[in-house]
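For reference, the structure discussed in these notes is given below.
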Amino acid sequence: MIGNLLKILKGLSLRYPRLHMVIAPFFRPLTSYVYQKERKRKNKIFQEYALEALTLFDDSMRRAGVEYTLAFGSILGAIREHGFIKHDLDIDTAVWIDDFTPSIIQELEKAGFVWVFEHMVDEGKLGREDTFEYRGVRIDIFYFYPPINQYPYCCDFLYEDGMKENQRLPRRIEVPFSRERRKVPFENIEVYVPANAEEFCAFRYGPDYMVPNPSWSWIEEHDALVEWREKIDVTSNRKYPHGNKITQTPYYREC
C-alpha cells in the first residue's frame, strides 16, 4: 500500500513540478519505512532458507565439475562468524572465468534455482556476473579475471538514474584473490574460501575486519573500485519471465 503511495507521489511530482516542494518532505520517511520493512522481510526469508540454498549450490557446482569459493561478505561471514552475518540478504560466490561452463547454469536450474540476471562486459570477455534465486534467497556468482593492474578483478554492475532497464555501470573490483582454496567451518557444514581469505578481508574491509563495521558500504568508492564508464552498454539481461514474482534485493552492507 505504502509502495503504491510512493509511486503516486513520485508521479505527481514529475507531472506537476510545482507540487514537488510540497510532496518532497514525505518521500524520505516513506521510502525509509518501505526499505526497512523489505529488508526485514528478505532477511527473514534468508535466515530460513540460506543454508539450504548454499548446500544445494555446493552440490550443483560439484556436479558441474566447477571449483568455486565464497566471495565478499560471505567470506567475511565464514572467517569472522563461521556462518552467515546476521543482516545478510544474499550469498556471494566466486568462479574464475576460465572455469565457466554452461553446466553451471544447467545444474543449478536442475536443483531448482531460477537464473535471474546475467551481467556482462563485452559479452563476458571482460566481465560477468550471474544471479540465481532459490526460495527467495539470491546467490551471486562473481567471475574473476586476470589482472589489468595489480590484482585480479571481478565486476559489479550499478544502475544509475537515466539508464535503460538493461543498462548498468560496470565497476572492476580489484582485490587479492587466490586461485587456491581451502575449506572452513560454516554453520553446520564446510565451505570453500580462497586460500588468502584473511588477506582478502583485510584488504577489502580494513585491518579491523573481525569487528563489525555498520558504516561500511559496498557502493562507496575505495581504492579497489574502478568505474568502467567506457563500457556502459546493454550489459544486463533479465533471464526470468516478466510474470515471475522475483523481487529486487534491497541495499545491504557486507560488514
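Convention: chains lettered A, B, ... in C-alpha cells order; per-chain residue numbering from 1; ligands numbered from 1 as shown.
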Please identify all polymer residues within 6 Å of region 144-161 of chain A, counting only C-alpha atoms, omitting same-chain residues fewer than 3 positions from it, and present them as a PyMOL selection string.
chain A and resi 96-97+127+168-176
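For the pair CA of Arg138 (chain A) and CA of Pro212 (chain A), the separation is 22.6 Å.
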Could you pull the residues within 7 Å of region 115-120 of chain A, counting only C-alpha atoms, minus those fewer than 2 positions along the same chain, as a PyMOL selection string?
chain A and resi 113+122-124+127-133+235-240
Selected residues, N, CA, C and O atoms, written as a PDB file, in the first residue's frame, please.
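Written file, selection-v2.pdb:
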ATOM      1  N   PHE A 113      17.045 -23.761  -8.822  1.00  0.00           N
ATOM      2  CA  PHE A 113      17.390 -22.348  -8.852  1.00  0.00           C
ATOM      3  C   PHE A 113      16.794 -21.699 -10.097  1.00  0.00           C
ATOM      4  O   PHE A 113      16.680 -22.329 -11.156  1.00  0.00           O
ATOM      5  N   ASP A 122      31.471  -6.698 -22.612  1.00  0.00           N
ATOM      6  CA  ASP A 122      31.950  -7.243 -23.889  1.00  0.00           C
ATOM      7  C   ASP A 122      31.597  -8.721 -24.030  1.00  0.00           C
ATOM      8  O   ASP A 122      32.461  -9.568 -24.289  1.00  0.00           O
ATOM      9  N   GLU A 123      30.310  -9.010 -23.819  1.00  0.00           N
ATOM     10  CA  GLU A 123      29.770 -10.369 -23.966  1.00  0.00           C
ATOM     11  C   GLU A 123      30.502 -11.386 -23.089  1.00  0.00           C
ATOM     12  O   GLU A 123      30.642 -12.561 -23.441  1.00  0.00           O
ATOM     13  N   GLY A 124      30.963 -10.936 -21.937  1.00  0.00           N
ATOM     14  CA  GLY A 124      31.616 -11.827 -20.989  1.00  0.00           C
ATOM     15  C   GLY A 124      33.120 -11.928 -21.151  1.00  0.00           C
ATOM     16  O   GLY A 124      33.782 -12.558 -20.307  1.00  0.00           O
ATOM     17  N   GLY A 127      34.069  -9.193 -18.363  1.00  0.00           N
ATOM     18  CA  GLY A 127      33.362  -9.146 -17.094  1.00  0.00           C
ATOM     19  C   GLY A 127      32.066  -9.924 -17.161  1.00  0.00           C
ATOM     20  O   GLY A 127      31.399  -9.951 -18.205  1.00  0.00           O
ATOM     21  N   ARG A 128      31.701 -10.551 -16.035  1.00  0.00           N
ATOM     22  CA  ARG A 128      30.453 -11.310 -15.990  1.00  0.00           C
ATOM     23  C   ARG A 128      30.031 -11.499 -14.534  1.00  0.00           C
ATOM     24  O   ARG A 128      30.864 -11.687 -13.640  1.00  0.00           O
ATOM     25  N   GLU A 129      28.735 -11.438 -14.325  1.00  0.00           N
ATOM     26  CA  GLU A 129      28.137 -11.781 -13.035  1.00  0.00           C
ATOM     27  C   GLU A 129      26.788 -12.440 -13.311  1.00  0.00           C
ATOM     28  O   GLU A 129      26.013 -11.953 -14.124  1.00  0.00           O
ATOM     29  N   ASP A 130      26.531 -13.561 -12.646  1.00  0.00           N
ATOM     30  CA  ASP A 130      25.239 -14.240 -12.753  1.00  0.00           C
ATOM     31  C   ASP A 130      24.549 -14.235 -11.406  1.00  0.00           C
ATOM     32  O   ASP A 130      25.200 -14.392 -10.359  1.00  0.00           O
ATOM     33  N   THR A 131      23.234 -14.064 -11.425  1.00  0.00           N
ATOM     34  CA  THR A 131      22.434 -14.080 -10.204  1.00  0.00           C
ATOM     35  C   THR A 131      21.370 -15.160 -10.315  1.00  0.00           C
ATOM     36  O   THR A 131      20.641 -15.235 -11.308  1.00  0.00           O
ATOM     37  N   PHE A 132      21.284 -15.983  -9.272  1.00  0.00           N
ATOM     38  CA  PHE A 132      20.294 -17.045  -9.195  1.00  0.00           C
ATOM     39  C   PHE A 132      19.461 -16.854  -7.933  1.00  0.00           C
ATOM     40  O   PHE A 132      19.879 -16.175  -6.991  1.00  0.00           O
ATOM     41  N   GLU A 133      18.282 -17.463  -7.919  1.00  0.00           N
ATOM     42  CA  GLU A 133      17.423 -17.365  -6.743  1.00  0.00           C
ATOM     43  C   GLU A 133      16.823 -18.721  -6.420  1.00  0.00           C
ATOM     44  O   GLU A 133      16.408 -19.472  -7.316  1.00  0.00           O
ATOM     45  N   THR A 235      24.330  -4.230 -20.875  1.00  0.00           N
ATOM     46  CA  THR A 235      25.131  -5.225 -20.159  1.00  0.00           C
ATOM     47  C   THR A 235      24.298  -6.152 -19.296  1.00  0.00           C
ATOM     48  O   THR A 235      24.818  -7.119 -18.762  1.00  0.00           O
ATOM     49  N   SER A 236      23.022  -5.847 -19.118  1.00  0.00           N
ATOM     50  CA  SER A 236      22.211  -6.586 -18.161  1.00  0.00           C
ATOM     51  C   SER A 236      21.070  -7.284 -18.880  1.00  0.00           C
ATOM     52  O   SER A 236      20.335  -6.662 -19.651  1.00  0.00           O
ATOM     53  N   ASN A 237      20.920  -8.570 -18.654  1.00  0.00           N
ATOM     54  CA  ASN A 237      19.853  -9.347 -19.266  1.00  0.00           C
ATOM     55  C   ASN A 237      19.020 -10.033 -18.208  1.00  0.00           C
ATOM     56  O   ASN A 237      19.551 -10.797 -17.395  1.00  0.00           O
ATOM     57  N   ARG A 238      17.733  -9.739 -18.218  1.00  0.00           N
ATOM     58  CA  ARG A 238      16.809 -10.410 -17.315  1.00  0.00           C
ATOM     59  C   ARG A 238      16.542 -11.807 -17.874  1.00  0.00           C
ATOM     60  O   ARG A 238      16.120 -11.961 -19.013  1.00  0.00           O
ATOM     61  N   LYS A 239      16.775 -12.831 -17.071  1.00  0.00           N
ATOM     62  CA  LYS A 239      16.685 -14.194 -17.575  1.00  0.00           C
ATOM     63  C   LYS A 239      15.339 -14.858 -17.295  1.00  0.00           C
ATOM     64  O   LYS A 239      15.007 -15.855 -17.907  1.00  0.00           O
ATOM     65  N   TYR A 240      14.582 -14.334 -16.346  1.00  0.00           N
ATOM     66  CA  TYR A 240      13.333 -14.986 -15.981  1.00  0.00           C
ATOM     67  C   TYR A 240      12.163 -14.285 -16.667  1.00  0.00           C
ATOM     68  O   TYR A 240      12.237 -13.103 -17.003  1.00  0.00           O
TER      69      TYR A 240
END
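Taking only C-alpha atoms, the non-local environment of Asn43 (chain A) within 8 Å (same-chain residues fewer than 4 positions away omitted) comprises Arg39, Gln47, His87, Asp88 and Leu89 of chain A.
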Among region 43-211 of chain A, which ones does DSSP assign to helix (DSSP H, G or I) (computed from the backbone)? Answer as a VMD selection string.
chain A and resid 43 to 64 72 to 81 97 to 99 102 to 110 122 to 124 197 to 205
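The shortest atom-to-atom distance to Ile232 (chain A), with only C-alpha atoms taken into account, belongs to A:Gln167 out of A:Thr55, A:Gln167, A:Ser103, A:Asn213.
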